[in-house]
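Enquirer: Before anything else, here's the structure in question.
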There are 2 protein chains.
Amino acid sequence: MIYLDNAATGGLKPPSVVSAALSSLKFCANPGRGGHRLAVACSERVNACRNLLSEIFDGYGFDRVVFTKNCTEALNIAILGGLKSGDHAIATCLEHNSVLRPLEHLKRERGVDYSVAPLKGGQISPQEIAALIRDNTKMCIVTSASNVCGIAPDLKAIRAALPERVLLVVDGAQGAGHLSLRMHETGIDALALAGHKGLHAIQGAGALLFSERFNPDPVTFGGTGSESYNLGMPEFYPDKLESGTVSYPAIVSLYEGALIVKCNREKHAAQLKKLTAAVYEGLKNLPEYTAYFLPNESGIAAFAHKRLASEEVAGMLDERAIAVRGGLHCAPLAHKALGTFPAGLVRASFSPFQGMREADALLRTLRNIH
Amino acid sequence: MIYLDNAATGGLKPPSVVSAALSSLKFCANPGRGGHRLAVACSERVNACRNLLSEIFDGYGFDRVVFTKNCTEALNIAILGGLKSGDHAIATCLEHNSVLRPLEHLKRERGVDYSVAPLKGGQISPQEIAALIRDNTKMCIVTSASNVCGIAPDLKAIRAALPERVLLVVDGAQGAGHLSLRMHETGIDALALAGHKGLHAIQGAGALLFSERFNPDPVTFGGTGSESYNLGMPEFYPDKLESGTVSYPAIVSLYEGALIVKCNREKHAAQLKKLTAAVYEGLKNLPEYTAYFLPNESGIAAFAHKRLASEEVAGMLDERAIAVRGGLHCAPLAHKALGTFPAGLVRASFSPFQGMREADALLRTLRNIH
């Protein structure tokens, strides 16, 4: 089987990631619960991961790194915990349902309004975003890279188009690990991460990194191992946003995955660009297919067959031992913007640990599908 | 090191649990995302775990089993997703902050009121609960077993004291895996589970099981791999309550842990009762200590030293290579009810895989602490 669904979850995990998770499988204590040496040792490894993520993403220190179960929960904390009745938010049409559904919930239930910036000339235009700004605009939410087509909005230009008071929240699900995402440098106020995609960790850990001027409220409430006497959540971070037992095996694996990113990001991004470029060029010779992507550093190649439905092509590839994802990829507005709603697209997504062998196999197999 | 902090997180994991997690570490797809055979195979294993949990806990079928990151998130879904402005809830004084903090949040922010049932004669009295019922009482939340002292409220008697319309929500964090918790039989409407304690799984998976008459709203919002076109959450369970990528390694390990519980629960409960009884009897010969527990099937032995603070005793045990937890254990009202607030207690908590060697070592070491 050739696994080309790395945008859903990174397939093969590096040996150091597997070893780290393995080291915690047979035995681990509960980080932050109890003062004995085993719990303290676990806490230290969790905090080491906070520090490493803050370093890699040019963040705001370990106390502004909160672990979640996935990127969706991190985005929920930023959106539900950051917007109040009467606020307005801006999202882009490239956003995933992990952004759109929390916003839609706030609109229906909590008196928050939101606007959606369109795609213009194949990109998100900072000017179009600027045109949506209202007096009560509190937050602008932008993906680091579209999970459908790999488009990476220019975050610096978007930041420059926003009034200083507007918070910039970035969905790092597809971009983190591949693209350079620098919070201080770019003026990002919150960065949501998925551990199990470009950061190479096992499933079970996401993170929200946030700036000193962004103080989200909790979305869930519970024990933190701190201020046990207090029926409210502690007022300090990360505890305020981290209720209940964290997923230690996933977090220690994330530490190792993040180390790999720290040392190899540029090389990996180049590899993903090379592979998507190969598919892009190869599709030019397959007149039955239309590419809906450009070569990109997130490893995403989305395309349509002129006659066959996306799910049908995905099924035929599966029969030929290639795993891709058809349909709408939880991003309905992206497909509307690309003109591929509701039919969807076939999405092949690469890992930086793959090579031309996989890209060639995809093209060869596509050629044989009729 | 002798690990007696199993109530915080189960220490040693059984080999089948480790193997299951390991099988998913090097490679796994994203369950519920994509139709290729790898994603489908993962979905099937996730659904097998739903079915097994529903079977063990006499639940309401696989679609009424939602996976969460931990028991706290499961309780948040039941409480935040089940109570609305104007509702009243009843909790017991034994509840953990994973129950009390969501309730306190609803009280401060969303116009929900709650009452707390006291401890009476060392137990939670169904009559005291009945006395707290109001016309707008929607939910009664009761722990299966106190994480401080192991008291297990009589859920059947409490159910009998509640009007039928009142939902019974049970915190299974400490009791599940040890006690018989039967949803249909007992009339439990929601059961929150921690995978990593009595169910022997690795950290990263909890679950909420709920009845057909309880339809909680989502607390977080995002992609579900279903109805991608819909900006609202799907209306069907489990998707409605499960946003974003689930923690597959933890869920497959939970399946194996649950299988062990299915076959060994009674034997394990007897072992835990034996170990706590040994500590209970042993403490009678140590006049410097006062026991705050009775022999119990949850494996919890909590005690105080007549002069030394609980954290101090815990620290001295740690120096002597025994891991226990001092302090308040995220359950402030339980300690108030026991008369041990704010000093707290020393809590030793056993695993069913431990034996008299560990109980004897604890007693021997306690004897030497002055």
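Convention: chains lettered A, B, ... in structure tokens order; per-chain residue numbering from 1; ligands numbered from 1 as shown.
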With a cut-off of 10 Å, could you pull out the residues of range 176-197 of chain B touching range 161-167 of chain B and give me the nearest pair of atoms for each, distance in Å to one decimal, using only C-alpha atoms, ordered by chain and ascending number, as a tab-separated table?
Expert:
```
residue	atom	partner	partner_atom	distance
B:Gly187	CA	B:Leu167	CA	8.8
B:Ile188	CA	B:Leu167	CA	7.6
B:Asp189	CA	B:Leu167	CA	5.8
B:Ala190	CA	B:Leu167	CA	7.9
```
Enquirer: Can you tell me, as a ChimeraX atom specification, what residues are no more than 12 Å from Leu283 in chain B when counting only C-alpha atoms, ignoring any on the same chain fewer than 3 positions away?
Expert: /B:276-280,286-295,301-305,359-360,362-367
Enquirer: Considering only C-alpha atoms, can you say which of B:Gly150, B:Pro15, B:Pro238, B:Gly225 comes closest to Leu208 in chain B?
Expert: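 The closest residue to Leu208 in chain B is B:Pro238.
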Enquirer: Using only C-alpha atoms, which protein or nucleic acid residues come within 7 Å of His88 in chain B? Drop anything in the same chain fewer than 4 positions from it, and give the result as a list in words.
Expert: Val112, Asp113, Tyr114, Asn136, Thr137 and Lys138 of chain B
Enquirer: Write a file of the selected residues as a CSV table (one decimal), in the first residue's frame, keeping N, CA and C atoms.
Expert:
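Heads up, here's the output in again_8.csv:
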```
chain,number,residue,atom,x,y,z
B,112,VAL,N,-27.0,28.6,35.7
B,112,VAL,CA,-27.3,27.2,36.2
B,112,VAL,C,-27.0,27.2,37.7
B,113,ASP,N,-27.9,26.6,38.5
B,113,ASP,CA,-27.6,26.5,39.9
B,113,ASP,C,-27.3,25.1,40.3
B,114,TYR,N,-26.5,24.9,41.3
B,114,TYR,CA,-26.3,23.5,41.8
B,114,TYR,C,-26.2,23.4,43.3
B,136,ASN,N,-36.8,22.3,38.9
B,136,ASN,CA,-36.0,22.5,37.7
B,136,ASN,C,-34.7,21.7,37.8
B,137,THR,N,-34.7,20.7,38.7
B,137,THR,CA,-33.5,19.8,38.8
B,137,THR,C,-33.5,18.9,37.5
B,138,LYS,N,-32.4,19.0,36.8
B,138,LYS,CA,-32.2,18.3,35.5
B,138,LYS,C,-31.3,17.1,35.6
```
Enquirer: Would you please extract all alpha helix (DSSP H) residues from range 13-142 of chain B, as assigned by DSSP on the backbone, and give them as a VMD selection string?
Expert: chain B and resid 15 to 23 37 to 56 71 to 80 97 to 110 126 to 131
Enquirer: Produce a table with one row for each residue of range 8-119 of chain B that has an atom at most 12 Å from any atom of range 333-351 of chain A, each row naming the nearest atom pair and its distance in Å at one decimal; use only C-alpha atoms; arrange rows by chain and rising residue number; format as a Markdown table.
Expert:
```
| residue | atom | partner | partner_atom | distance |
| --- | --- | --- | --- | --- |
| B:Gly34 | CA | A:Arg347 | CA | 10.1 |
| B:Gly35 | CA | A:Val346 | CA | 11.5 |
| B:His36 | CA | A:Ala348 | CA | 11.9 |
```
Enquirer: Go ahead and write the selection's residues with N, CA, C and O atoms as a PDB file, in the first residue's frame.
Expert:
```pdb
ATOM      1  N   GLY B  34     -11.646   9.543   5.158  1.00  0.00           N
ATOM      2  CA  GLY B  34     -11.229   8.869   3.937  1.00  0.00           C
ATOM      3  C   GLY B  34     -11.817   7.477   3.857  1.00  0.00           C
ATOM      4  O   GLY B  34     -12.111   6.844   4.881  1.00  0.00           O
ATOM      5  N   GLY B  35     -11.988   7.000   2.621  1.00  0.00           N
ATOM      6  CA  GLY B  35     -12.622   5.705   2.424  1.00  0.00           C
ATOM      7  C   GLY B  35     -11.646   4.607   2.059  1.00  0.00           C
ATOM      8  O   GLY B  35     -12.060   3.497   1.740  1.00  0.00           O
ATOM      9  N   HIS B  36     -10.344   4.886   2.091  1.00  0.00           N
ATOM     10  CA  HIS B  36      -9.397   3.835   1.724  1.00  0.00           C
ATOM     11  C   HIS B  36      -9.314   2.787   2.824  1.00  0.00           C
ATOM     12  O   HIS B  36      -9.734   3.004   3.959  1.00  0.00           O
TER      13      HIS B  36
END
```
Enquirer: Could you check which of A:Cys149, A:Leu275, A:Met139, A:Ile369 is closest to Leu328 in chain A, using only C-alpha atoms?
Expert: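 Counting only C-alpha atoms, the residue closest to Leu328 in chain A is A:Cys149.
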Enquirer: Under the rule of at most 6 Å, produce a per-residue listing of chain B near chain A: chain, number, name, the closest pair of atoms, and the distance in Å, as a Markdown table, using only C-alpha atoms.
Expert:
```
| residue | atom | partner | partner_atom | distance |
| --- | --- | --- | --- | --- |
| B:Thr9 | CA | A:Asn30 | CA | 5.6 |
| B:Gly11 | CA | A:Phe27 | CA | 5.4 |
| B:Leu12 | CA | A:Phe27 | CA | 4.9 |
| B:Lys13 | CA | A:Lys26 | CA | 5.3 |
| B:Val18 | CA | A:Leu25 | CA | 5.9 |
| B:Leu25 | CA | A:Val18 | CA | 5.9 |
| B:Lys26 | CA | A:Lys13 | CA | 5.2 |
| B:Phe27 | CA | A:Leu12 | CA | 4.9 |
| B:Cys28 | CA | A:Gly11 | CA | 6.0 |
| B:Asn30 | CA | A:Thr9 | CA | 5.6 |
| B:Gly34 | CA | A:Arg325 | CA | 4.9 |
| B:His36 | CA | A:Asp318 | CA | 5.5 |
| B:Lys69 | CA | A:Lys69 | CA | 5.8 |
| B:Thr72 | CA | A:Gly244 | CA | 5.3 |
| B:Asn97 | CA | A:Gly223 | CA | 5.0 |
| B:Ser98 | CA | A:Gly222 | CA | 3.7 |
| B:Arg101 | CA | A:Leu231 | CA | 5.3 |
| B:Pro102 | CA | A:Phe221 | CA | 5.1 |
| B:Gln203 | CA | A:Ser247 | CA | 5.0 |
| B:Gly204 | CA | A:Ser247 | CA | 4.4 |
| B:Phe221 | CA | A:Pro102 | CA | 5.1 |
| B:Gly222 | CA | A:Ser98 | CA | 3.7 |
| B:Gly223 | CA | A:Asn97 | CA | 5.0 |
| B:Ser228 | CA | A:Cys330 | CA | 4.5 |
| B:Tyr229 | CA | A:Pro332 | CA | 5.1 |
| B:Leu231 | CA | A:Arg101 | CA | 5.2 |
| B:Gly232 | CA | A:Arg101 | CA | 5.7 |
| B:Gly244 | CA | A:Thr72 | CA | 5.3 |
| B:Ser247 | CA | A:Gly204 | CA | 4.4 |
| B:Asp318 | CA | A:His36 | CA | 5.5 |
| B:Ala323 | CA | A:His36 | CA | 5.5 |
| B:Arg325 | CA | A:Gly34 | CA | 4.9 |
| B:Cys330 | CA | A:Ser228 | CA | 4.5 |
| B:Pro332 | CA | A:Tyr229 | CA | 5.1 |
```
Enquirer: Write out as an MDAnalysis selection string which residues come within 9 Å of Ile129 in chain A when counting only C-alpha atoms, dropping same-chain ones fewer than 2 positions away.
Expert: chainID A and resid 90:92 116:118 124:127 131:133 140 158 161:162
Enquirer: Quote the spacing between CA of Glu266 in chain A and CA of Leu179 in chain A in Å to one decimal place.
Expert: 7.9 Å
